[in-house]
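Structure first, then comments.
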Amino acid sequence: MLVELIIRDLAIIEHASLSFGPGLNVISGETGAGKSLLVGALELLLGNRPKPGRVRSGAEKAVVEGRFLVGAGKESASIARWARRHMPQLVAQWARAGDEERELILGRSVFADGRTRAYVNNRPVTREALVDLAPRLFEIHGQNDHQKLHDPSEQLRLVDGFGKLDELVASYRVARDAWRVLAERALRLRAEATTRRDALDLARFQCAELAAAAPREGERAELEPQRELLRHAASLKEGLSRTVGELCEDDGSVLDRARSLARFVEGWKAQVGALAPVAESLESALAHLDDAARALQSLGERLEVDPARLEEIETRLAELERLERKYQTDGAGLVARLAELRAQVARLEADETSTETLAAELAAARALVLARAGELRRARKAVRPKLIKAVQALFGELGLPKASFDIRLAQRGDEEGEATGEVDEVSVIAADSTRFGERGMDRIEFLLAANPGEPLAKLEQVASGGETARIMLALRSALASCGERRSLLFDEIDSGVGGRLGPAVGAHLRRLGEHHQVLCVTHLPAIAAMAQRHLKAAKSVEGERTRSAVEELTGEARVLEIAEMIAGGGDQETARAEARRLLGLAS
């Protein structure tokens with residue numbers, strides 16, 4: 001809801017601060033008093049490029065600011081989406097505020113040289129961001145085409161809202177989301193097919209290579225000492241034999257001489273006490289020498305010169321060294337790499353197999369999407385004549401009995417035509433991605449013909465002016481409870497409307513104000529009397545400068561303004577009486 005509009009130095013408006021409330025707000029005033037400038041100010045907030053001469057003479061820039069209050073529920077879902085995309089800091093701020101109403105201040109500055117700046121909540125934004133946000137907050141119906149109602153996606157949402165089809169839409173979206181997950185996986189597997197096959201071939205080769213080698217952790221540490229022993233086996237065996245002979249087998253061996261020395265000391269230790277420890281040391285040395293001799297003799301007997309075994313160990317170590325260099329790791333790493341390769345092969349083989357099963361799952365998911373979309377389409381076909389009838393009835397009430405309304409229901413993707421030639425999985429998914437829209441496979445277009453003999457055309461192609469504004473009023477009235485709440489400005493809605501039709505138009509505007517905030521620029525007293533808030537634009541000349549001002553009318557001042565609108569003379573008692581009668585009817 002627009003609660004305040006501030007305008008500074010815009011053409012003849014030096015400064016104006018307008019307050020608006022819920023329900024129906026009207027703006028009246030003489031021709032040229034500045035009513036169109038108020039509409040122009042809101043058009044600037046919609047992102048319109050400023051017309052030349054909009055900055056007041058002598059001013060540096062013109063400024064327009066609109067302060068809006070938006071709810072925190074579903075009624076502001078599209079605004080929340082905008083904030084997440086353009087101003088995420090707002091989302092955090094609103095989250096802290098909980099369910100409180102949220103404030104948005106849209107601003108636009110127009111400089112004398114034609115430059116413009118846009119901002120939201122005092123933060124600079126691009127004009128494109130403002131153009132994306134503003135229609136979510138308000139629409140202008142009349143001499144412009146800045147109407148959310150022109151958007152086919154908005155029309156689709158409104159038809160679904162009118163027919164209460166949200167559950168069908170939600171069911172379709174669940175099916176569509178499941179299909180999208182499978183479709184993305186199928187595209188990924190297909191795109192990766194060549195790479196995956198190459199990776200699988202390599203993984204299988206490396207896995208076979210390592211499995212054939214069967215590396216063990218610590219194997220090199222076991223084999224390298226064996227290799228050194230076998231390399232020197234012949235000379236070592238000869239040396240050991242000679243050493244054993246000199247130690248214990250030859251005449252005059254080391255052990256024989258040591259035993260002789262030990263017997264000598266043993267014989268004298270009784271008479272020479274100092275020899276007792278020496279005797280013990282010699283006895284211990286003899287025992288160690290004896291052990292060493294037996295160990296050397298055993299090693300010599302076991303040691304074999306085995307060139308075949310040496311070659312086997314050399315070959316094995318060379319293979320391990322090659323693999324470690326190739327995979328840039330050690331023996332333990334080779335064992336781990338083999339386990340990784342086996343897992344990789346299993347995963348890639350599963351992907352190859354899943355491509356076949358995935359095709360069946362994707363076909364089933366696609367069939368479900370088509371079924372859900374078909375249910376939606378049938379429901380919309382059932383809603384279509386009801387909505388057309390409701391709008392046509394309102395046309396009659398609003399003085400447009402000859403206007404025609406229709407709804408064209410087509411299928412998304414029809415304009416691309418059917419695919420020709422060979423159709424593969426990728427092209428089918430691409431086509432389905434276009435056909436499976438956010439709200440089904442349908443495209444909705446509202447068609448209008450304002451006068452007899454004119455062909456039905458899209459809303460934005462219908463001539464602007466009062467008739468179009470009333471057509472939009474009929475549509476908005478029929479769809480009042482559907483879609484998000486926003487502020488609606490009707491400009492020139494009373495064009496061509498006579499005195500008898502004025503009360504009907506005013507009543508429709510007031511009823512529409514129960515769902516949306518309505519702003520209406522009008523010259524009709526019956527419409528002005530229906531408003532919950534009445535603003536008047538007036539022009540004056542002060543010090544050779546023309547100024548436009550806007551004030552809220554209440555009490556007798558409002559009676560006088562409506563009397564002026566009735567007879568051009570608020571001093572006439574009959575006009576004032578009629579004004580009071582109209583106000584009484586409205587209340």
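Letters A, B, ... go to the chains of the structure tokens in the order shown; residues in each chain start at 1; ligands are counted from 1 in the same order.
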
Among segment 62-217 of chain A, which residues does DSSP mark as alpha helix (DSSP H) when it is run on the backbone? Keep the chain and numbering as in the structure and answer as a PDB file with C-alpha atoms, in the first residue's frame.
ATOM      1  CA  ALA A  77       6.000 -13.203  -2.128  1.00  0.00           C
ATOM      2  CA  SER A  78       7.131 -11.584  -5.400  1.00  0.00           C
ATOM      3  CA  ILE A  79       8.566  -8.598  -3.490  1.00  0.00           C
ATOM      4  CA  ALA A  80      10.520 -10.990  -1.266  1.00  0.00           C
ATOM      5  CA  ARG A  81      11.904 -12.695  -4.390  1.00  0.00           C
ATOM      6  CA  TRP A  82      13.002  -9.305  -5.721  1.00  0.00           C
ATOM      7  CA  ALA A  83      14.741  -8.490  -2.427  1.00  0.00           C
ATOM      8  CA  ARG A  84      16.624 -11.812  -2.405  1.00  0.00           C
ATOM      9  CA  ARG A  85      17.920 -11.068  -5.898  1.00  0.00           C
ATOM     10  CA  HIS A  86      18.699  -7.349  -5.628  1.00  0.00           C
ATOM     11  CA  PRO A  88      19.619  -9.455   0.257  1.00  0.00           C
ATOM     12  CA  GLN A  89      20.300  -7.211   3.257  1.00  0.00           C
ATOM     13  CA  LEU A  90      16.587  -6.363   3.234  1.00  0.00           C
ATOM     14  CA  VAL A  91      15.711 -10.035   3.632  1.00  0.00           C
ATOM     15  CA  ALA A  92      17.810 -10.265   6.812  1.00  0.00           C
ATOM     16  CA  GLN A  93      16.250  -7.049   8.111  1.00  0.00           C
ATOM     17  CA  TRP A  94      12.736  -8.321   7.463  1.00  0.00           C
ATOM     18  CA  ALA A  95      13.543 -11.672   9.066  1.00  0.00           C
ATOM     19  CA  ARG A  96      14.436  -9.873  12.295  1.00  0.00           C
ATOM     20  CA  ALA A  97      11.185  -7.887  12.112  1.00  0.00           C
ATOM     21  CA  ARG A 127      16.833   1.644 -13.186  1.00  0.00           C
ATOM     22  CA  GLU A 128      16.337  -1.950 -14.315  1.00  0.00           C
ATOM     23  CA  ALA A 129      16.032  -3.089 -10.676  1.00  0.00           C
ATOM     24  CA  LEU A 130      13.470  -0.345 -10.043  1.00  0.00           C
ATOM     25  CA  VAL A 131      11.548  -1.380 -13.174  1.00  0.00           C
ATOM     26  CA  ASP A 132      11.505  -4.935 -11.812  1.00  0.00           C
ATOM     27  CA  LEU A 133      10.273  -3.907  -8.354  1.00  0.00           C
ATOM     28  CA  ALA A 134       7.747  -1.107  -8.913  1.00  0.00           C
ATOM     29  CA  PRO A 135       5.066  -3.118 -10.820  1.00  0.00           C
ATOM     30  CA  ARG A 136       5.017  -5.546  -7.908  1.00  0.00           C
ATOM     31  CA  LEU A 137       3.858  -2.643  -5.717  1.00  0.00           C
ATOM     32  CA  PRO A 152       1.108 -13.347 -19.411  1.00  0.00           C
ATOM     33  CA  SER A 153       2.552 -15.006 -16.321  1.00  0.00           C
ATOM     34  CA  GLU A 154       0.447 -12.672 -14.141  1.00  0.00           C
ATOM     35  CA  GLN A 155      -2.620 -13.520 -16.232  1.00  0.00           C
ATOM     36  CA  LEU A 156      -1.937 -17.220 -15.700  1.00  0.00           C
ATOM     37  CA  ARG A 157      -1.644 -16.721 -11.923  1.00  0.00           C
ATOM     38  CA  LEU A 158      -4.905 -14.772 -11.884  1.00  0.00           C
ATOM     39  CA  VAL A 159      -6.806 -17.449 -13.829  1.00  0.00           C
ATOM     40  CA  ASP A 160      -5.488 -20.087 -11.416  1.00  0.00           C
ATOM     41  CA  GLY A 161      -6.484 -17.924  -8.481  1.00  0.00           C
ATOM     42  CA  PHE A 162      -9.964 -17.360  -9.900  1.00  0.00           C
ATOM     43  CA  GLY A 163     -10.410 -21.112 -10.373  1.00  0.00           C
ATOM     44  CA  ASP A 166      -3.282 -23.766  -6.483  1.00  0.00           C
ATOM     45  CA  GLU A 167      -3.317 -27.412  -5.357  1.00  0.00           C
ATOM     46  CA  LEU A 168      -3.158 -28.620  -8.965  1.00  0.00           C
ATOM     47  CA  VAL A 169      -0.311 -26.197  -9.637  1.00  0.00           C
ATOM     48  CA  ALA A 170       1.566 -27.455  -6.568  1.00  0.00           C
ATOM     49  CA  SER A 171       1.073 -31.084  -7.659  1.00  0.00           C
ATOM     50  CA  TYR A 172       2.370 -30.249 -11.132  1.00  0.00           C
ATOM     51  CA  ARG A 173       5.430 -28.499  -9.683  1.00  0.00           C
ATOM     52  CA  VAL A 174       6.336 -31.540  -7.576  1.00  0.00           C
ATOM     53  CA  ALA A 175       6.254 -33.712 -10.712  1.00  0.00           C
ATOM     54  CA  ARG A 176       8.182 -31.106 -12.708  1.00  0.00           C
ATOM     55  CA  ASP A 177      10.889 -30.783 -10.058  1.00  0.00           C
ATOM     56  CA  ALA A 178      11.365 -34.578  -9.991  1.00  0.00           C
ATOM     57  CA  TRP A 179      11.619 -34.623 -13.789  1.00  0.00           C
ATOM     58  CA  ARG A 180      14.153 -31.768 -13.770  1.00  0.00           C
ATOM     59  CA  VAL A 181      16.437 -33.637 -11.351  1.00  0.00           C
ATOM     60  CA  LEU A 182      16.418 -36.714 -13.606  1.00  0.00           C
ATOM     61  CA  ALA A 183      16.767 -34.620 -16.772  1.00  0.00           C
ATOM     62  CA  GLU A 184      19.787 -32.769 -15.409  1.00  0.00           C
ATOM     63  CA  ARG A 185      21.373 -36.081 -14.432  1.00  0.00           C
ATOM     64  CA  ALA A 186      20.676 -37.563 -17.866  1.00  0.00           C
ATOM     65  CA  LEU A 187      22.211 -34.536 -19.584  1.00  0.00           C
ATOM     66  CA  ARG A 188      25.248 -34.707 -17.305  1.00  0.00           C
ATOM     67  CA  LEU A 189      25.772 -38.410 -17.970  1.00  0.00           C
ATOM     68  CA  ARG A 190      25.369 -37.884 -21.692  1.00  0.00           C
ATOM     69  CA  ALA A 191      27.751 -34.921 -21.758  1.00  0.00           C
ATOM     70  CA  ALA A 193      29.819 -40.123 -21.761  1.00  0.00           C
ATOM     71  CA  THR A 194      33.060 -39.900 -23.796  1.00  0.00           C
ATOM     72  CA  THR A 195      35.067 -38.628 -20.859  1.00  0.00           C
ATOM     73  CA  ARG A 196      33.532 -41.273 -18.613  1.00  0.00           C
ATOM     74  CA  ARG A 197      34.369 -44.101 -21.040  1.00  0.00           C
ATOM     75  CA  ASP A 198      37.963 -42.873 -21.344  1.00  0.00           C
ATOM     76  CA  ALA A 199      38.195 -42.609 -17.558  1.00  0.00           C
ATOM     77  CA  LEU A 200      36.724 -46.090 -17.173  1.00  0.00           C
ATOM     78  CA  ASP A 201      39.214 -47.597 -19.649  1.00  0.00           C
ATOM     79  CA  LEU A 202      42.121 -45.935 -17.838  1.00  0.00           C
ATOM     80  CA  ALA A 203      40.838 -46.938 -14.401  1.00  0.00           C
ATOM     81  CA  ARG A 204      40.350 -50.532 -15.512  1.00  0.00           C
ATOM     82  CA  PHE A 205      43.884 -50.685 -16.981  1.00  0.00           C
ATOM     83  CA  GLN A 206      45.496 -49.189 -13.883  1.00  0.00           C
ATOM     84  CA  CYS A 207      43.403 -51.368 -11.613  1.00  0.00           C
ATOM     85  CA  ALA A 208      44.462 -54.500 -13.543  1.00  0.00           C
ATOM     86  CA  GLU A 209      48.097 -53.382 -13.490  1.00  0.00           C
ATOM     87  CA  LEU A 210      48.164 -52.883  -9.733  1.00  0.00           C
ATOM     88  CA  ALA A 211      46.064 -55.970  -9.033  1.00  0.00           C
ATOM     89  CA  ALA A 212      48.513 -58.085 -11.071  1.00  0.00           C
ATOM     90  CA  ALA A 213      51.430 -56.590  -9.160  1.00  0.00           C
TER      91      ALA A 213
END

Original post:
Can you list, as a list in words, every residue of segment 447-536 of chain A that DSSP puts in strand (DSSP E)?
Top reply: Leu447, Leu448, Ala449, Ala457, Lys458, Ser487, Leu488, Leu489, Phe490, Asp491, Gln517, Val518, Leu519, Cys520, Val521, Arg533, His534, Leu535 and Lys536 of chain A

Original post:
Contacts of segment 303-305 of chain A at 10 Å or less, counting only C-alpha atoms, minus same-chain residues fewer than 4 places along, as a ChimeraX atom specification?
Top reply: /A:229-237,240,297-299,309-310

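Summary of the local environment: counting only C-alpha atoms, residues at most 10 Å from Gly23 of chain A, other than itself and those fewer than 2 positions away along its chain, are Met1, Phe20, Gly21, Asn25, Ser487, Leu509, Arg510, Arg511, Leu512, Gly513, Glu514, His515, His516, Gln517, Val518, Leu519, Ala531, Gln532 and Arg533 of chain A.
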
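The protein and nucleic acid residues lying at most 10 Å from Gly114 of chain A are Arg49, Pro50, Lys51, Pro52, Gly53, Arg54, Val55, Lys61, Ser109, Val110 and Phe111 of chain A, with only C-alpha atoms considered and sequence neighbours fewer than 3 positions away removed.
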
Original post:
Any idea what the distance is between atom CA of Asn122 of chain A and atom CA of Gly71 of chain A?
Top reply: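 Computed distance, atom CA of Asn122 of chain A to atom CA of Gly71 of chain A, equals 20.2 Å.
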
Subject >> Atomic separation - atom CA of Gly374 of chain A relative to atom CA of Leu447 of chain A, Å >> reply: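 Taking atom CA of Leu447 of chain A as the start and atom CA of Gly374 of chain A as the end point, the length is 23.1 Å.
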
Subject >> Between atom CA of Ala379 of chain A and atom CA of Glu438 of chain A - distance in Å to one decimal >> reply: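 According to the coordinates, atom CA of Glu438 of chain A and atom CA of Ala379 of chain A are separated by 16.5 Å.
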